[in-house]
Amino acid sequence: DGWLITGDLGRIDDDDYVFVTGRAKDVIIRGGHNIDPALIEEPLVQAPDVLIAAAVGKPDAHAGELPVAYVQLHPGATATEAELLAVATANIHERPAVPKEIIVLDQLPLTAVGKPQKHLLQLDAARRTFNDVFKGIQGDWTMDIEISGGGLLLKVAVPADQQQSRREIEQILSGFAIRHQVSAV
């Protein structure tokens, strides 16, 4: 009927011009609050030391996702994560959009046209999250995270003789809105 679902976000102005502002799949959903990553990225790239910025959601047991930002600095720049977080806090006026963490990388993964590969950053954010929440669990468990069916899939393998560790991991994961598989090996 004249409509095409593209997955793009945008707006139409008073003169009927269409402006594409982002992608629906890039939206960070924090406790039911939809956050456009551009709200985070634009203030960060305005900082003199920042060359590229990309915002993604990291899994969170309470809010579903929390915004985090990855940045690549200009060569020779020395901005710290704390300094960049102060810039973000001062310039992002939507409080839920202020990133909980800013991670400085030597090189952001980029597409052939120079855009950040956000799916790789989402994988990294999830790895960091689950390495942190699982750090007190004893045993020889292993973890892998992949993108499957349009979302993240966390796979945890626990030796069959370590049932206590498996129960602890399953209990932790029950609080997260992430697809997961915990298997005995």
# chains A, B, ... in the order shown; residues from 1 in each chain; ligands from 1
>>> residues_around(residues="Asp106 (chain A)", least_positions_apart="5", cutoff="10 Å", atoms="only C-alpha atoms", output="VMD selection string")
chain A and resid 71 to 75
>>> select_by_dssp(residues="region 42-156 of chain A", states="strand (DSSP E)", output="CSV table (one decimal) with N, CA, C and O atoms, in the first residue's frame")
chain,number,residue,atom,x,y,z
A,50,VAL,N,38.4,12.6,20.4
A,50,VAL,CA,37.6,11.4,19.9
A,50,VAL,C,37.6,11.4,18.4
A,50,VAL,O,37.1,12.4,17.8
A,51,LEU,N,38.0,10.3,17.8
A,51,LEU,CA,37.9,10.2,16.3
A,51,LEU,C,36.6,9.5,15.9
A,51,LEU,O,35.9,10.0,15.0
A,52,ILE,N,36.3,8.4,16.6
A,52,ILE,CA,35.1,7.6,16.3
A,52,ILE,C,34.4,7.2,17.6
A,52,ILE,O,35.1,6.8,18.5
A,53,ALA,N,33.1,7.2,17.6
A,53,ALA,CA,32.4,6.7,18.8
A,53,ALA,C,31.2,5.8,18.3
A,53,ALA,O,30.6,6.1,17.3
A,54,ALA,N,30.9,4.8,19.1
A,54,ALA,CA,29.8,3.9,18.8
A,54,ALA,C,29.2,3.5,20.1
A,54,ALA,O,29.9,3.1,21.0
A,55,ALA,N,27.9,3.6,20.2
A,55,ALA,CA,27.2,3.2,21.4
A,55,ALA,C,26.4,1.9,21.1
A,55,ALA,O,25.7,1.8,20.1
A,56,VAL,N,26.4,1.0,22.1
A,56,VAL,CA,25.6,-0.2,22.0
A,56,VAL,C,25.0,-0.5,23.4
A,56,VAL,O,25.4,0.1,24.4
A,57,GLY,N,24.1,-1.5,23.5
A,57,GLY,CA,23.6,-1.9,24.8
A,57,GLY,C,24.3,-3.1,25.3
A,57,GLY,O,24.7,-4.0,24.5
A,58,LYS,N,24.6,-3.1,26.6
A,58,LYS,CA,25.2,-4.3,27.2
A,58,LYS,C,24.1,-4.9,28.1
A,58,LYS,O,23.3,-4.2,28.6
A,59,PRO,N,24.1,-6.2,28.2
A,59,PRO,CA,23.1,-6.9,29.0
A,59,PRO,C,23.1,-6.4,30.4
A,59,PRO,O,24.2,-6.2,31.0
A,60,ASP,N,21.9,-6.3,31.0
A,60,ASP,CA,21.8,-5.9,32.4
A,60,ASP,C,20.6,-6.7,33.0
A,60,ASP,O,19.5,-6.7,32.4
A,64,GLY,N,17.5,-4.7,31.4
A,64,GLY,CA,17.5,-5.3,30.1
A,64,GLY,C,18.8,-5.0,29.4
A,64,GLY,O,19.6,-5.9,29.0
A,65,GLU,N,19.0,-3.7,29.1
A,65,GLU,CA,20.3,-3.2,28.5
A,65,GLU,C,20.7,-1.9,29.2
A,65,GLU,O,19.8,-1.1,29.6
A,66,LEU,N,22.0,-1.7,29.2
A,66,LEU,CA,22.5,-0.4,29.6
A,66,LEU,C,23.4,0.1,28.5
A,66,LEU,O,24.1,-0.6,27.9
A,67,PRO,N,23.4,1.5,28.3
A,67,PRO,CA,24.2,2.0,27.2
A,67,PRO,C,25.7,2.0,27.6
A,67,PRO,O,26.0,2.4,28.7
A,68,VAL,N,26.5,1.6,26.7
A,68,VAL,CA,28.0,1.7,26.8
A,68,VAL,C,28.5,2.3,25.5
A,68,VAL,O,27.8,2.2,24.4
A,69,ALA,N,29.6,3.0,25.6
A,69,ALA,CA,30.2,3.6,24.4
A,69,ALA,C,31.6,3.1,24.2
A,69,ALA,O,32.3,3.0,25.1
A,70,TYR,N,31.9,2.9,22.9
A,70,TYR,CA,33.3,2.6,22.5
A,70,TYR,C,33.8,3.7,21.7
A,70,TYR,O,33.1,4.3,20.9
A,71,VAL,N,35.0,4.1,22.0
A,71,VAL,CA,35.6,5.2,21.3
A,71,VAL,C,37.0,4.9,20.8
A,71,VAL,O,37.7,4.1,21.4
A,72,GLN,N,37.4,5.5,19.7
A,72,GLN,CA,38.8,5.4,19.2
A,72,GLN,C,39.2,6.9,19.2
A,72,GLN,O,38.6,7.8,18.7
A,73,LEU,N,40.4,7.1,19.8
A,73,LEU,CA,40.9,8.5,19.9
A,73,LEU,C,41.8,8.8,18.7
A,73,LEU,O,42.2,7.9,18.0
A,101,GLU,N,29.5,3.2,30.9
A,101,GLU,CA,30.9,2.8,30.7
A,101,GLU,C,31.3,3.4,29.4
A,101,GLU,O,30.6,3.3,28.4
A,102,ILE,N,32.5,3.9,29.3
A,102,ILE,CA,33.2,4.2,28.0
A,102,ILE,C,34.4,3.4,27.9
A,102,ILE,O,35.3,3.4,28.8
A,103,ILE,N,34.6,2.7,26.8
A,103,ILE,CA,35.7,1.8,26.6
A,103,ILE,C,36.5,2.4,25.4
A,103,ILE,O,36.0,2.6,24.3
A,104,VAL,N,37.8,2.7,25.7
A,104,VAL,CA,38.7,3.3,24.7
A,104,VAL,C,39.4,2.1,24.0
A,104,VAL,O,40.1,1.3,24.7
A,105,LEU,N,39.3,2.0,22.7
A,105,LEU,CA,40.0,1.0,22.0
A,105,LEU,C,41.0,1.6,21.1
A,105,LEU,O,40.8,2.7,20.6
A,142,THR,N,33.1,-22.8,30.4
A,142,THR,CA,33.6,-22.0,29.3
A,142,THR,C,32.3,-21.2,28.7
A,142,THR,O,31.2,-21.7,28.9
A,143,MET,N,32.6,-20.1,28.1
A,143,MET,CA,31.5,-19.3,27.6
A,143,MET,C,31.8,-18.9,26.2
A,143,MET,O,32.9,-18.6,25.8
A,144,ASP,N,30.7,-18.8,25.4
A,144,ASP,CA,30.8,-18.3,24.0
A,144,ASP,C,29.6,-17.5,23.7
A,144,ASP,O,28.5,-17.8,24.2
A,145,ILE,N,29.7,-16.4,23.0
A,145,ILE,CA,28.6,-15.6,22.7
A,145,ILE,C,28.6,-15.4,21.2
A,145,ILE,O,29.7,-15.1,20.6
A,146,GLU,N,27.5,-15.5,20.6
A,146,GLU,CA,27.4,-15.3,19.1
A,146,GLU,C,26.1,-14.6,18.8
A,146,GLU,O,25.2,-14.5,19.6
A,147,ILE,N,26.0,-14.1,17.6
A,147,ILE,CA,24.8,-13.5,17.1
A,147,ILE,C,24.1,-14.6,16.3
A,147,ILE,O,24.6,-15.2,15.4
A,148,SER,N,22.8,-14.8,16.7
A,148,SER,CA,22.1,-15.9,16.1
A,148,SER,C,20.6,-15.5,16.1
A,148,SER,O,20.1,-15.0,17.1
A,151,GLY,N,19.8,-11.8,17.3
A,151,GLY,CA,20.1,-11.4,18.6
A,151,GLY,C,21.3,-12.2,19.2
A,151,GLY,O,21.9,-13.0,18.5
A,152,LEU,N,21.7,-11.8,20.4
A,152,LEU,CA,22.8,-12.5,21.1
A,152,LEU,C,22.3,-13.9,21.6
A,152,LEU,O,21.2,-14.0,22.1
A,153,LEU,N,23.2,-14.8,21.5
A,153,LEU,CA,23.0,-16.2,22.1
A,153,LEU,C,24.3,-16.5,22.9
A,153,LEU,O,25.4,-16.5,22.4
A,154,LEU,N,24.1,-16.7,24.2
A,154,LEU,CA,25.1,-17.0,25.2
A,154,LEU,C,25.1,-18.5,25.4
A,154,LEU,O,24.1,-19.1,25.7
A,155,LYS,N,26.3,-19.1,25.2
A,155,LYS,CA,26.4,-20.6,25.4
A,155,LYS,C,27.4,-20.8,26.5
A,155,LYS,O,28.6,-20.3,26.4
A,156,VAL,N,27.0,-21.5,27.5
A,156,VAL,CA,27.9,-21.8,28.6
A,156,VAL,C,28.0,-23.3,28.7
A,156,VAL,O,27.0,-24.0,28.8
>>> closest_residue(among="A:Glu94, A:Gln171, A:Arg179, A:Glu81", to="Ala126 (chain A)", atoms="only C-alpha atoms")
A:Arg179
>>> select_by_dssp(residues="chain A", states="helix (DSSP H, G or I)", output="PyMOL selection string")
chain A and resi 24-26+38-45+81-91+95-97+118-133+163-173
>>> residues_around(residues="region 136-141 of chain A", least_positions_apart="3", cutoff="9 Å", atoms="only C-alpha atoms", output="compact mmCIF listing (two decimals) with N, CA, C and O atoms, in the first residue's frame")
# COMPACT_ATOMS: atom_id res chain seq x y z
N ASP A 132 32.31 -10.68 33.98
CA ASP A 132 32.22 -10.01 35.29
C ASP A 132 31.23 -10.71 36.22
O ASP A 132 31.55 -11.01 37.37
N VAL A 133 30.03 -11.03 35.72
CA VAL A 133 29.02 -11.62 36.61
C VAL A 133 29.33 -13.08 36.95
O VAL A 133 28.89 -13.57 37.99
N VAL A 156 27.03 -21.50 27.50
CA VAL A 156 27.95 -21.81 28.60
C VAL A 156 28.03 -23.33 28.71
O VAL A 156 27.00 -24.01 28.76
N ALA A 157 29.25 -23.84 28.72
CA ALA A 157 29.48 -25.27 28.89
C ALA A 157 30.13 -25.49 30.25
O ALA A 157 31.11 -24.83 30.59
N VAL A 158 29.55 -26.40 31.02
CA VAL A 158 30.02 -26.70 32.37
C VAL A 158 30.30 -28.20 32.45
O VAL A 158 29.46 -29.00 32.01
N PRO A 159 31.45 -28.59 33.00
CA PRO A 159 31.70 -30.03 33.15
C PRO A 159 30.56 -30.71 33.91
O PRO A 159 30.00 -30.15 34.86
N GLN A 162 30.24 -30.76 37.70
CA GLN A 162 30.22 -29.48 38.42
C GLN A 162 28.80 -28.90 38.41
O GLN A 162 28.55 -27.79 37.94
N GLN A 164 26.93 -27.76 40.84
CA GLN A 164 26.73 -26.54 41.63
C GLN A 164 27.05 -25.31 40.79
O GLN A 164 26.31 -24.33 40.79
N SER A 165 28.14 -25.37 40.04
CA SER A 165 28.50 -24.25 39.16
C SER A 165 27.43 -24.04 38.10
O SER A 165 27.06 -22.91 37.80
N ARG A 166 26.93 -25.14 37.56
CA ARG A 166 25.87 -25.04 36.54
C ARG A 166 24.63 -24.38 37.12
O ARG A 166 24.03 -23.51 36.50
N GLU A 168 24.46 -22.28 39.65
CA GLU A 168 24.76 -20.86 39.89
C GLU A 168 24.67 -20.05 38.60
O GLU A 168 24.10 -18.95 38.58
N ILE A 169 25.23 -20.60 37.52
CA ILE A 169 25.19 -19.91 36.23
C ILE A 169 23.75 -19.76 35.75
O ILE A 169 23.33 -18.69 35.31
